[in-house]
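What's in data-v2.cif: mmCIF, C-alpha atoms
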```cif
data_structure
loop_
_atom_site.label_atom_id
_atom_site.label_comp_id
_atom_site.auth_asym_id
_atom_site.auth_seq_id
_atom_site.Cartn_x
_atom_site.Cartn_y
_atom_site.Cartn_z
CA MET A 1 28.84 -27.77 -7.09
CA ALA A 2 28.96 -30.54 -4.52
CA ARG A 3 31.79 -30.52 -2.06
CA ARG A 4 34.13 -33.53 -2.33
CA HIS A 5 36.44 -34.72 0.39
CA HIS A 6 39.94 -35.66 -0.69
CA GLU A 7 42.83 -37.13 1.13
CA VAL A 8 45.54 -34.87 -0.21
CA ARG A 9 49.23 -35.50 0.07
CA ARG A 10 51.58 -32.72 1.02
CA GLY A 11 53.46 -31.04 -1.80
CA ALA A 12 52.73 -29.64 -5.22
CA ALA A 13 50.18 -32.31 -6.14
CA GLY A 14 48.18 -31.59 -2.99
CA LEU A 15 48.25 -27.85 -3.65
CA ALA A 16 47.02 -28.36 -7.20
CA VAL A 17 44.03 -30.43 -6.03
CA ALA A 18 43.17 -27.89 -3.31
CA LEU A 19 43.21 -25.03 -5.78
CA ALA A 20 41.11 -26.99 -8.26
CA VAL A 21 38.36 -27.33 -5.64
CA THR A 22 38.66 -23.95 -3.89
CA LEU A 23 38.75 -21.58 -6.87
CA PRO A 24 35.49 -22.69 -8.49
CA LEU A 25 33.73 -22.48 -5.13
CA ALA A 26 35.03 -18.98 -4.59
CA GLY A 27 33.78 -18.03 -8.03
CA CYS A 28 30.27 -19.28 -7.22
CA ALA A 29 30.25 -17.31 -3.98
CA ALA A 30 31.25 -14.15 -5.82
CA GLU A 31 28.39 -14.64 -8.28
CA ARG A 32 25.88 -15.25 -5.49
CA LYS A 33 26.50 -12.13 -3.43
CA THR A 34 28.24 -8.81 -3.81
CA PRO A 35 30.52 -7.34 -1.14
CA GLY A 36 28.75 -5.27 1.49
CA ALA A 37 29.78 -2.81 4.14
CA GLY A 38 32.67 -3.98 6.24
CA GLY A 39 33.54 -6.77 3.84
CA GLY A 40 30.29 -8.67 4.48
CA ALA A 41 27.66 -9.69 1.96
CA ALA A 42 24.51 -8.03 0.67
CA PRO A 43 21.67 -10.54 1.17
CA GLY A 44 19.69 -11.19 -1.98
CA VAL A 45 22.12 -9.33 -4.21
CA THR A 46 24.34 -10.78 -6.94
CA ALA A 47 26.20 -9.13 -9.77
CA THR A 48 23.12 -9.57 -11.96
CA THR A 49 20.07 -9.80 -9.65
CA VAL A 50 18.27 -8.32 -6.63
CA LYS A 51 15.88 -10.73 -4.92
CA VAL A 52 12.63 -9.47 -3.38
CA GLY A 53 9.36 -10.98 -2.14
CA GLY A 54 6.19 -9.74 -0.49
CA VAL A 55 3.57 -10.42 2.19
CA LEU A 56 -0.11 -9.99 1.36
CA THR A 57 -3.46 -10.90 2.87
CA LYS A 58 -4.43 -13.20 0.04
CA THR A 59 -7.07 -15.00 2.10
CA SER A 60 -9.06 -14.14 5.23
CA ALA A 61 -12.11 -15.29 7.15
CA SER A 62 -14.04 -12.20 6.01
CA GLY A 63 -13.16 -12.67 2.35
CA TYR A 64 -10.97 -9.55 2.30
CA SER A 65 -8.00 -10.05 -0.03
CA THR A 66 -5.08 -7.95 -1.28
CA LYS A 67 -3.77 -10.64 -3.64
CA ASP A 68 -3.92 -8.36 -6.68
CA ALA A 69 -1.00 -6.37 -5.29
CA GLU A 70 1.23 -9.21 -6.49
CA ILE A 71 0.12 -8.62 -10.09
CA GLY A 72 0.91 -4.93 -9.79
CA ALA A 73 4.39 -5.49 -8.39
CA ARG A 74 5.16 -8.20 -10.93
CA ALA A 75 4.10 -5.88 -13.77
CA ARG A 76 6.35 -3.04 -12.62
CA PHE A 77 9.32 -5.35 -12.06
CA ALA A 78 8.81 -6.92 -15.49
CA ARG A 79 9.15 -3.53 -17.18
CA ALA A 80 12.26 -2.73 -15.17
CA ASN A 81 13.80 -6.05 -16.20
CA ALA A 82 12.86 -5.52 -19.86
CA GLU A 83 14.70 -2.21 -19.71
CA GLY A 84 17.85 -3.96 -18.47
CA GLY A 85 17.28 -3.86 -14.73
CA VAL A 86 18.74 -1.37 -12.26
CA HIS A 87 22.48 -0.81 -12.58
CA GLY A 88 22.67 -4.05 -14.56
CA ARG A 89 20.77 -6.08 -11.96
CA LYS A 90 17.37 -7.56 -12.76
CA ILE A 91 14.69 -8.01 -10.11
CA GLU A 92 14.20 -11.62 -9.03
CA PHE A 93 10.66 -11.56 -7.63
CA VAL A 94 9.93 -14.70 -5.60
CA GLY A 95 6.25 -13.84 -5.18
CA ALA A 96 4.22 -13.01 -2.09
CA GLU A 97 3.42 -14.97 1.06
CA ASP A 98 -0.14 -15.08 2.47
CA ASP A 99 -0.56 -13.93 6.09
CA GLY A 100 -4.27 -14.86 6.25
CA GLN A 101 -4.86 -11.51 8.01
CA ASP A 102 -3.06 -12.97 11.04
CA ALA A 103 -0.23 -11.02 12.68
CA ALA A 104 1.70 -14.13 13.77
CA LYS A 105 1.56 -15.58 10.26
CA GLY A 106 2.77 -12.26 8.87
CA ASP A 107 5.75 -12.33 11.22
CA ALA A 108 6.54 -15.92 10.18
CA ALA A 109 6.25 -14.97 6.50
CA ALA A 110 8.67 -12.07 6.93
CA ARG A 111 11.18 -14.30 8.72
CA LYS A 112 10.93 -16.94 5.98
CA LEU A 113 11.58 -14.42 3.24
CA VAL A 114 14.57 -12.91 5.05
CA GLN A 115 16.16 -15.95 6.68
CA ARG A 116 15.40 -18.76 4.24
CA ASP A 117 14.79 -17.05 0.90
CA GLU A 118 17.40 -14.35 1.64
CA VAL A 119 15.54 -11.51 -0.03
CA PHE A 120 17.08 -8.04 -0.09
CA ALA A 121 13.75 -6.30 0.62
CA LEU A 122 10.04 -7.05 1.04
CA VAL A 123 7.95 -5.69 -1.85
CA PRO A 124 4.97 -5.45 -1.69
CA VAL A 125 3.67 -5.64 1.87
CA HIS A 126 -0.09 -5.10 1.85
CA ALA A 127 -1.64 -6.67 4.95
CA PRO A 128 -3.78 -4.71 7.46
CA ASN A 129 -2.62 -6.84 10.42
CA PHE A 130 0.99 -7.29 9.30
CA GLY A 131 3.03 -8.64 12.20
CA GLY A 132 6.55 -8.61 10.79
CA ALA A 133 7.37 -4.94 11.31
CA ALA A 134 9.45 -5.32 14.49
CA PHE A 135 11.53 -8.15 12.98
CA LEU A 136 12.22 -6.24 9.77
CA GLU A 137 13.18 -3.10 11.68
CA GLN A 138 15.52 -5.06 13.94
CA GLN A 139 17.15 -6.74 10.94
CA GLY A 140 17.40 -3.55 8.90
CA VAL A 141 15.37 -4.99 6.00
CA PRO A 142 13.49 -2.45 3.80
CA TRP A 143 9.77 -3.09 3.16
CA PHE A 144 7.30 -1.30 0.89
CA GLY A 145 3.51 -1.18 0.60
CA TRP A 146 0.35 0.49 1.91
CA ALA A 147 1.06 1.95 5.36
CA THR A 148 -2.44 1.46 6.73
CA GLY A 149 -1.46 0.72 10.34
CA PRO A 150 0.72 2.19 13.09
CA GLN A 151 3.29 -0.60 12.65
CA TRP A 152 4.58 1.28 9.59
CA CYS A 153 5.04 4.59 11.35
CA GLY A 154 8.17 5.71 13.17
CA THR A 155 10.37 3.06 11.53
CA THR A 156 13.49 3.50 9.43
CA THR A 157 12.77 0.50 7.19
CA GLY A 158 9.02 0.67 6.39
CA PHE A 159 8.16 2.77 3.34
CA GLY A 160 4.48 3.39 2.67
CA TYR A 161 3.77 4.40 -0.90
CA ASN A 162 1.65 7.19 0.57
CA GLY A 163 3.57 7.73 3.78
CA CYS A 164 2.36 6.97 7.31
CA LEU A 165 -1.43 6.94 7.59
CA ALA A 166 -1.49 6.66 11.39
CA PRO A 167 0.38 9.76 12.59
CA LYS A 168 0.73 10.51 16.28
CA LYS A 169 -0.81 13.61 17.81
CA GLY A 170 1.12 16.67 16.77
CA ALA A 171 2.47 15.05 13.59
CA GLY A 172 1.19 15.97 10.14
CA SER A 173 -2.26 14.62 9.24
CA GLN A 174 -3.87 14.61 5.77
CA THR A 175 -6.30 17.26 4.56
CA TRP A 176 -6.58 16.13 0.92
CA TRP A 177 -9.83 14.14 1.25
CA GLY A 178 -11.80 16.99 2.78
CA ARG A 179 -10.29 19.59 0.46
CA GLN A 180 -10.87 17.52 -2.68
CA LEU A 181 -14.52 16.96 -1.74
CA ALA A 182 -14.94 20.65 -0.87
CA ASP A 183 -13.63 21.54 -4.34
CA LEU A 184 -16.00 19.00 -5.91
CA LEU A 185 -19.01 20.50 -4.09
CA GLY A 186 -18.03 24.10 -4.75
CA GLY A 187 -17.00 24.78 -1.16
CA ALA A 188 -17.49 23.45 2.37
CA GLN A 189 -19.03 26.56 3.90
CA GLY A 190 -22.31 25.69 5.60
CA ARG A 191 -21.97 21.96 4.87
CA SER A 192 -21.89 19.21 7.50
CA VAL A 193 -20.19 15.81 7.59
CA TYR A 194 -20.87 12.62 9.57
CA VAL A 195 -18.12 9.98 9.93
CA GLN A 196 -19.02 6.31 10.51
CA THR A 197 -16.35 3.79 11.55
CA THR A 198 -16.30 0.32 13.09
CA ASP A 199 -15.05 -0.47 16.59
CA SER A 200 -11.69 -1.78 15.33
CA SER A 201 -8.68 0.26 16.45
CA GLY A 202 -7.61 1.01 12.88
CA SER A 203 -11.06 2.16 11.81
CA LYS A 204 -11.49 4.34 14.89
CA TYR A 205 -8.08 5.92 14.35
CA GLY A 206 -8.99 6.57 10.73
CA GLY A 207 -12.16 8.24 11.90
CA THR A 208 -10.09 10.71 13.93
CA THR A 209 -7.73 11.68 11.12
CA ILE A 210 -10.44 11.79 8.43
CA SER A 211 -12.76 13.89 10.60
CA GLN A 212 -9.97 16.42 10.96
CA SER A 213 -9.38 16.34 7.20
CA PHE A 214 -12.96 17.50 6.64
CA THR A 215 -13.01 20.10 9.42
CA ALA A 216 -9.70 21.50 8.14
CA ALA A 217 -11.42 21.93 4.76
CA GLY A 218 -14.23 23.92 6.38
CA PHE A 219 -16.94 21.28 6.96
CA GLU A 220 -18.85 21.18 10.24
CA LEU A 221 -18.57 17.81 12.02
CA ALA A 222 -22.12 16.60 12.69
CA GLY A 223 -21.00 13.35 14.30
CA LEU A 224 -18.38 10.61 14.62
CA ASN A 225 -19.70 7.13 15.43
CA SER A 226 -17.39 4.18 16.12
CA GLY A 227 -20.00 1.80 17.53
CA LEU A 228 -20.39 -0.44 14.48
CA PRO A 229 -19.04 -3.96 15.25
CA ALA A 230 -16.13 -4.85 12.94
CA ALA A 231 -16.67 -8.61 13.14
CA ALA A 232 -19.68 -8.73 10.81
CA PRO A 233 -22.35 -6.45 9.31
CA PRO A 234 -25.22 -5.89 11.77
CA PRO A 235 -28.56 -7.65 11.18
CA ASP A 236 -30.33 -4.29 11.47
CA TRP A 237 -28.88 -1.07 10.06
CA LEU A 238 -31.74 1.11 11.28
CA PRO A 239 -30.14 2.29 14.58
CA TYR A 240 -27.05 3.53 12.73
CA VAL A 241 -29.09 5.11 9.94
CA ASN A 242 -31.36 6.92 12.41
CA LYS A 243 -28.34 8.48 14.11
CA ILE A 244 -26.99 9.66 10.78
CA MET A 245 -30.31 11.02 9.50
CA THR A 246 -30.78 13.23 12.60
CA SER A 247 -27.13 14.12 13.33
CA ASP A 248 -27.16 17.66 11.93
CA GLY A 249 -29.51 19.36 14.36
CA GLY A 250 -32.28 16.87 13.67
CA LYS A 251 -31.69 16.62 9.93
CA ALA A 252 -29.36 14.62 7.69
CA PRO A 253 -25.75 15.75 7.12
CA ASP A 254 -24.57 16.91 3.71
CA VAL A 255 -21.80 14.29 3.59
CA VAL A 256 -21.48 10.79 5.09
CA VAL A 257 -17.96 9.34 5.27
CA SER A 258 -17.57 5.59 5.74
CA VAL A 259 -14.27 4.46 7.29
CA ILE A 260 -15.05 0.75 6.90
CA ALA A 261 -12.84 -1.83 5.13
CA GLY A 262 -15.42 -4.14 3.63
CA THR A 263 -17.77 -4.00 0.65
CA LYS A 264 -20.49 -5.95 2.50
CA PHE A 265 -20.54 -3.33 5.25
CA ASN A 266 -20.72 -0.43 2.84
CA VAL A 267 -23.36 -2.01 0.61
CA GLY A 268 -25.52 -2.65 3.68
CA LEU A 269 -25.08 0.86 5.10
CA TYR A 270 -25.58 2.68 1.79
CA SER A 271 -28.66 0.65 0.85
CA ALA A 272 -30.20 1.42 4.25
CA LEU A 273 -29.39 5.13 3.91
CA LYS A 274 -30.99 5.32 0.48
CA ARG A 275 -34.10 3.51 1.72
CA ALA A 276 -34.32 6.11 4.48
CA GLY A 277 -34.33 8.86 1.87
CA TYR A 278 -30.75 10.11 2.19
CA ARG A 279 -29.88 12.42 -0.73
CA GLY A 280 -26.49 13.76 0.34
CA VAL A 281 -22.98 12.70 -0.68
CA ILE A 282 -21.58 9.35 0.45
CA THR A 283 -17.82 8.86 0.29
CA ASP A 284 -15.37 6.13 1.33
CA ALA A 285 -11.84 4.86 0.64
CA THR A 286 -12.68 1.34 -0.53
CA SER A 287 -15.58 1.25 -3.01
CA TYR A 288 -13.38 1.97 -6.04
CA ASP A 289 -13.48 -1.72 -6.89
CA ALA A 290 -14.44 -3.13 -10.29
CA ALA A 291 -15.57 -6.35 -8.59
CA VAL A 292 -18.65 -4.60 -7.17
CA LEU A 293 -19.90 -3.93 -10.69
CA LYS A 294 -20.41 -7.66 -11.21
CA ASP A 295 -23.02 -7.70 -8.43
CA PRO A 296 -26.17 -5.77 -9.47
CA ALA A 297 -27.28 -5.19 -5.88
CA GLY A 298 -23.84 -3.97 -4.87
CA ALA A 299 -23.53 -1.71 -7.91
CA GLN A 300 -26.94 -0.19 -7.16
CA ALA A 301 -26.00 0.49 -3.54
CA LEU A 302 -22.74 2.16 -4.59
CA GLU A 303 -24.26 4.19 -7.42
CA GLY A 304 -23.28 7.84 -6.90
CA VAL A 305 -20.78 7.06 -4.13
CA VAL A 306 -17.56 9.09 -4.26
CA ALA A 307 -14.52 6.89 -3.61
CA ALA A 308 -11.20 8.36 -2.52
CA PRO A 309 -8.21 6.37 -3.86
CA MET A 310 -4.71 7.53 -2.96
CA PHE A 311 -3.45 7.24 -6.54
CA GLU A 312 -4.45 8.54 -9.97
CA PRO A 313 -7.53 6.59 -11.12
CA PHE A 314 -7.28 3.99 -13.89
CA GLU A 315 -9.78 6.00 -15.95
CA SER A 316 -7.33 8.91 -16.09
CA THR A 317 -5.68 10.02 -19.34
CA ALA A 318 -2.34 10.61 -17.58
CA PRO A 319 0.63 8.97 -19.41
CA GLU A 320 1.71 7.22 -16.21
CA ILE A 321 -1.63 5.41 -16.03
CA ALA A 322 -1.42 4.38 -19.69
CA THR A 323 2.00 2.88 -18.88
CA LEU A 324 0.60 1.05 -15.85
CA ARG A 325 -2.22 -0.44 -17.91
CA ALA A 326 0.22 -1.59 -20.61
CA ASP A 327 2.58 -3.10 -18.03
CA VAL A 328 -0.23 -5.07 -16.40
CA GLU A 329 -1.57 -6.32 -19.72
CA LYS A 330 1.83 -7.79 -20.59
CA VAL A 331 2.09 -9.93 -17.45
CA ALA A 332 -1.60 -10.60 -16.78
CA PRO A 333 -3.70 -10.14 -19.94
CA GLY A 334 -7.27 -9.23 -19.13
CA ALA A 335 -6.60 -8.66 -15.43
CA THR A 336 -9.08 -6.43 -13.60
CA LEU A 337 -7.47 -3.21 -12.40
CA THR A 338 -8.03 -2.86 -8.65
CA GLN A 339 -6.82 -0.63 -5.83
CA HIS A 340 -4.72 -3.48 -4.48
CA LEU A 341 -3.06 -3.93 -7.87
CA ALA A 342 -2.22 -0.22 -7.99
CA ILE A 343 -0.74 -0.33 -4.50
CA GLY A 344 1.59 -3.19 -5.47
CA TYR A 345 2.60 -1.38 -8.65
CA TRP A 346 3.41 1.96 -7.02
CA ALA A 347 5.18 0.34 -4.05
CA ALA A 348 7.43 -1.47 -6.53
CA ASP A 349 7.97 1.76 -8.47
CA ILE A 350 9.22 3.60 -5.39
CA PHE A 351 11.52 0.71 -4.48
CA LEU A 352 13.03 0.77 -7.98
CA ASP A 353 13.62 4.53 -7.78
CA MET A 354 15.40 4.16 -4.43
CA LEU A 355 17.44 1.29 -5.86
CA ALA A 356 18.56 3.42 -8.79
CA LYS A 357 19.50 6.35 -6.57
CA THR A 358 21.52 4.12 -4.22
CA GLY A 359 23.96 3.21 -6.99
CA LYS A 360 25.68 0.07 -8.18
CA ASP A 361 27.51 -0.61 -4.90
CA LEU A 362 24.46 -2.01 -3.15
CA THR A 363 24.00 -2.97 0.48
CA ARG A 364 21.01 -2.59 2.76
CA GLN A 365 22.91 0.00 4.78
CA LYS A 366 23.59 2.14 1.71
CA PHE A 367 20.06 1.66 0.42
CA LEU A 368 18.52 2.83 3.73
CA ALA A 369 20.96 5.74 3.93
CA THR A 370 19.74 6.88 0.50
CA ALA A 371 16.06 6.25 1.31
CA ASN A 372 16.23 8.16 4.60
CA GLY A 373 18.62 10.87 3.42
CA ASP A 374 16.24 13.64 2.38
CA TYR A 375 14.72 11.42 -0.32
CA THR A 376 12.01 12.86 -2.58
CA TYR A 377 10.22 11.21 -5.50
CA GLU A 378 7.29 12.64 -7.44
CA ASN A 379 5.11 10.70 -9.88
CA ALA A 380 1.72 11.65 -11.30
CA GLY A 381 0.56 8.09 -10.57
CA PHE A 382 0.68 8.36 -6.76
CA GLY A 383 1.76 11.92 -6.01
CA ARG A 384 4.95 12.16 -4.01
CA VAL A 385 6.90 10.65 -1.15
CA ARG A 386 9.44 12.35 1.08
CA PHE A 387 11.51 10.36 3.53
CA PRO A 388 12.29 10.43 6.40
CA ALA A 389 9.33 12.86 6.80
CA ASP A 390 6.79 10.32 5.51
CA HIS A 391 7.78 7.79 8.16
CA THR A 392 5.64 9.88 10.53
CA GLU A 393 2.98 11.50 8.33
CA PRO A 394 1.00 10.81 5.13
CA ASN A 395 2.07 12.13 1.75
CA GLY A 396 -1.10 14.24 1.55
CA CYS A 397 -2.23 13.12 -1.93
CA GLY A 398 -5.45 11.62 -3.26
CA ALA A 399 -8.11 11.59 -5.96
CA LEU A 400 -11.90 11.18 -6.16
CA VAL A 401 -13.85 8.72 -8.32
CA ARG A 402 -17.65 8.54 -8.66
CA LEU A 403 -19.69 5.53 -9.76
CA GLU A 404 -22.15 6.80 -12.38
CA GLY A 405 -24.38 4.65 -14.53
CA GLY A 406 -22.52 1.52 -13.53
CA ALA A 407 -19.10 2.93 -14.51
CA PHE A 408 -16.36 4.71 -12.58
CA LYS A 409 -15.55 8.27 -13.63
CA VAL A 410 -12.79 10.58 -12.42
CA ALA A 411 -14.36 13.25 -10.22
CA LYS A 412 -11.09 14.89 -9.13
CA SER A 413 -7.65 13.96 -10.44
CA LEU A 414 -4.84 13.25 -7.98
CA LYS A 415 -3.67 16.30 -6.09
CA CYS A 416 -1.42 16.86 -3.07
CA PHE A 417 -2.22 19.18 -0.17
CA ASP A 418 -0.28 20.30 2.90
CA ASN A 419 -0.84 18.33 6.10
CA VAL A 420 -1.88 19.90 9.39
CA PRO A 421 -0.84 18.80 12.91
CA LEU A 422 -3.12 16.06 14.25
CA LYS A 423 -5.09 17.28 17.26
#
```
Can you give me the file's structure in the form of structure tokens?
Amino acid sequence: MARRHHEVRRGAAGLAVALAVTLPLAGCAAERKTPGAGGGAAPGVTATTVKVGGVLTKTSASGYSTKDAEIGARARFARANAEGGVHGRKIEFVGAEDDGQDAAKGDAAARKLVQRDEVFALVPVHAPNFGGAAFLEQQGVPWFGWATGPQWCGTTTGFGYNGCLAPKKGAGSQTWWGRQLADLLGGAQGRSVYVQTTDSSGSKYGGTTISQSFTAAGFELAGLNSGLPAAAPPPDWLPYVNKIMTSDGGKAPDVVVSVIAGTKFNVGLYSALKRAGYRGVITDATSYDAAVLKDPAGAQALEGVVAAPMFEPFESTAPEIATLRADVEKVAPGATLTQHLAIGYWAADIFLDMLAKTGKDLTRQKFLATANGDYTYENAGFGRVRFPADHTEPNGCGALVRLEGGAFKVAKSLKCFDNVPLK
């Protein structure tokens, strides 16, 4: 509807022309946005749609990519739309921006989505170095994804599908990983654990929380090493392997935990450990990745490794996982199911639940009041979330998957455990 300028005479004729132009424009405005608090407008909301978009690390110098999260979110939104939307509004998903694993680009992407695209919320956000948190908090824009860094924690607008994974000292810290592995091994009594991280701040912080998860479950901490450079895998793994193999009073620990975000790192470390004769349990949070099975050397290195995803594994017989698989197949036939895909799917699922509980009269203020007003949502696919509590601590849920004979098998189905204060 282009605006036209008229030279209108006073009187009835002029009034008729003015009304002819003004009323259609007013109608378009009403269709574009619904009334918000205080008579304003709800950005990204019309009578029939809610607009959302995401920020992912689709590309990076290291090759790390979370691009599959877009498939997961799109699949969940497609089912919601097929069912009629939420309170009569369908989800208009504009896709996800790429931050290139650069904080400044992530901030720019968030500003574009909010200021130019006028999205109601950011779903999914799955970027380890996401730099848009402060802007979104200042603007009161909700955002959903994997809360891997401290920028998620302590906000009122950032909603991790598994809570805050970087709690401050004294806040609740997860025990599920250690307890699940203890159950798998028949108990932690008399067993030792060694935790290997890189020198990145996120990896080192993860080493602290994960070490406590295992000691809370009854394991003895044989060592915590954060000296591995995060920039690239080392040319020689022997110094790190020697430390591990003698960490438990001169002998190898029963469990080695890798807190490293990178398949190349893990393949190198695990291959070196096996060459050195290590026969204990190796576990990490990232090797549950079907892509590694396409590389014979990688698959061999990861054989027997116990991965720890924070959602119910794709190999599960749970109805929620069957639904996820069907949803993905409809929007991306033949797509490989990955952790990143699951994170996008479950982040979108939580957003949709909050949207439904907010009601038809939708504004960001009302949405955030619902989300932070003693909100609880349980789902066998990811466990549970409880806000505002999970703004400062993890949800305490996770599963175990083991690679056996070149195929992933569920070792322990998803289960939630109580957190303990971080020391």
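In this structure, CA of Pro229 in chain A sits 21.6 Å away from CA of Arg275 in chain A.
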Result set of the PyMOL selection byres ((chain A and resi 395) around 7) on the coordinates above, as a count of residues only: 9
Starting from the shown file, work through the PyMOL selection byres ((chain A and resi 323-326) around 12) and note down what comes out as a PyMOL selection string. chain A and resi 71-79+311-322+327-338+341-346+348-349+380-382
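With all atoms listed in the file as the atoms that count, the minimum distance from Asn419 in chain A to the choices A:Pro167, A:Gly100, A:Gly132, A:Gly149 is reached by A:Pro167.
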Exercise: Lys423 in chain A partners within 10 Å, all atoms listed in the file, chain neighbours under 4 positions left out, as a PDB file with C-alpha atoms, in the coordinates of the input:
```pdb
ATOM      1  CA  LYS A 168       0.730  10.510  16.280  1.00  0.00           C
ATOM      2  CA  LYS A 169      -0.810  13.610  17.810  1.00  0.00           C
ATOM      3  CA  GLY A 170       1.120  16.670  16.770  1.00  0.00           C
ATOM      4  CA  ALA A 171       2.470  15.050  13.590  1.00  0.00           C
ATOM      5  CA  GLY A 172       1.190  15.970  10.140  1.00  0.00           C
ATOM      6  CA  SER A 173      -2.260  14.620   9.240  1.00  0.00           C
ATOM      7  CA  THR A 208     -10.090  10.710  13.930  1.00  0.00           C
ATOM      8  CA  THR A 209      -7.730  11.680  11.120  1.00  0.00           C
ATOM      9  CA  GLN A 212      -9.970  16.420  10.960  1.00  0.00           C
TER      10      GLN A 212
END
```
Within 12 Å of file point (20.1, -1.6, -16.6), counting all atoms listed in the file, expressed as JSON, numbers by chain: {"A": [47, 48, 49, 79, 80, 81, 82, 83, 84, 85, 86, 87, 88, 89, 90, 91, 352, 355, 356, 359, 360]}
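Applying the 6 Å criterion to (-6.2, -5.1, -4.6) in file coordinates and using all atoms listed in the file, one obtains the residues Thr66, Asp68, Ala69, Thr338, Gln339, His340 and Leu341 of chain A.
Of the residues under consideration (A:Phe408, A:Gly53, A:Lys105, A:Gly63), A:Gly53 shows the shortest atom-to-atom contact distance to Asp117 in chain A when counting only C-alpha atoms.
For Gln300 in chain A, the non-local neighbours within 9 Å, defined as residues at least 6 positions apart in the same chain or in other chains and counting all atoms listed in the file, are Val267, Ser271, Leu293 and Gly406 of chain A.
Residue nearest Glu378 in chain A within the list A:Trp143, A:Phe135, A:Tyr161, A:Tyr278: A:Tyr161 [criterion: smallest interatomic distance, only C-alpha atoms].
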Under the rule that only C-alpha atoms are counted, which of A:Val256, A:Val401, A:Ala272, A:Ala230 is the nearest residue to Ser192 in chain A? A:Val256
Around all listed atoms of range 195-202 of chain A, padded 8 Å per side, what centre and edge lengths does the axis-aligned box have in Å to one decimal, as AutoDock Vina command-line options?
```
--center_x -13.3 --center_y 4.1 --center_z 13.3 --size_x 27.4 --size_y 27.8 --size_z 22.7
```
Selection: 12 Å around Ala369 in chain A, all atoms listed in the file, excl. self and same-chain fewer than 2 positions, as JSON, numbers by chain: {"A": [140, 142, 156, 157, 354, 355, 357, 358, 359, 362, 363, 364, 365, 366, 367, 371, 372, 373, 374, 375, 387, 388]}
Selected residues written out with C-alpha atoms, as an mmCIF file, in the coordinates of the input:
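Saved result, part00.cif, follows:
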```
data_model
loop_
_atom_site.group_PDB
_atom_site.id
_atom_site.type_symbol
_atom_site.label_atom_id
_atom_site.label_comp_id
_atom_site.auth_asym_id
_atom_site.auth_seq_id
_atom_site.Cartn_x
_atom_site.Cartn_y
_atom_site.Cartn_z
ATOM 1 C CA GLY A 140 17.400 -3.550 8.900
ATOM 2 C CA PRO A 142 13.490 -2.450 3.800
ATOM 3 C CA THR A 156 13.490 3.500 9.430
ATOM 4 C CA THR A 157 12.770 0.500 7.190
ATOM 5 C CA MET A 354 15.400 4.160 -4.430
ATOM 6 C CA LEU A 355 17.440 1.290 -5.860
ATOM 7 C CA LYS A 357 19.500 6.350 -6.570
ATOM 8 C CA THR A 358 21.520 4.120 -4.220
ATOM 9 C CA GLY A 359 23.960 3.210 -6.990
ATOM 10 C CA LEU A 362 24.460 -2.010 -3.150
ATOM 11 C CA THR A 363 24.000 -2.970 0.480
ATOM 12 C CA ARG A 364 21.010 -2.590 2.760
ATOM 13 C CA GLN A 365 22.910 0.000 4.780
ATOM 14 C CA LYS A 366 23.590 2.140 1.710
ATOM 15 C CA PHE A 367 20.060 1.660 0.420
ATOM 16 C CA ALA A 371 16.060 6.250 1.310
ATOM 17 C CA ASN A 372 16.230 8.160 4.600
ATOM 18 C CA GLY A 373 18.620 10.870 3.420
ATOM 19 C CA ASP A 374 16.240 13.640 2.380
ATOM 20 C CA TYR A 375 14.720 11.420 -0.320
ATOM 21 C CA PHE A 387 11.510 10.360 3.530
ATOM 22 C CA PRO A 388 12.290 10.430 6.400
#
```
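Residue nearest Ala222 in chain A within the list A:Phe144, A:Phe417, A:Trp177, A:Tyr194: A:Tyr194 [criterion: smallest interatomic distance, all atoms listed in the file].
The nearest approach to Ser203 in chain A among the residues A:Gln115, A:Ala110, A:Ile282, A:Pro128, with only C-alpha atoms taken into account, belongs to A:Pro128.
Distance-wise, CA of Ala217 in chain A and CA of Tyr240 in chain A end up 25.4 Å apart.
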Starting from the displayed file, determine the output of the PyMOL selection byres ((chain A and resi 213) around 6) and express the residue list as an NGL selection string. :A and (174-175 or 178 or 210-212 or 214-216)
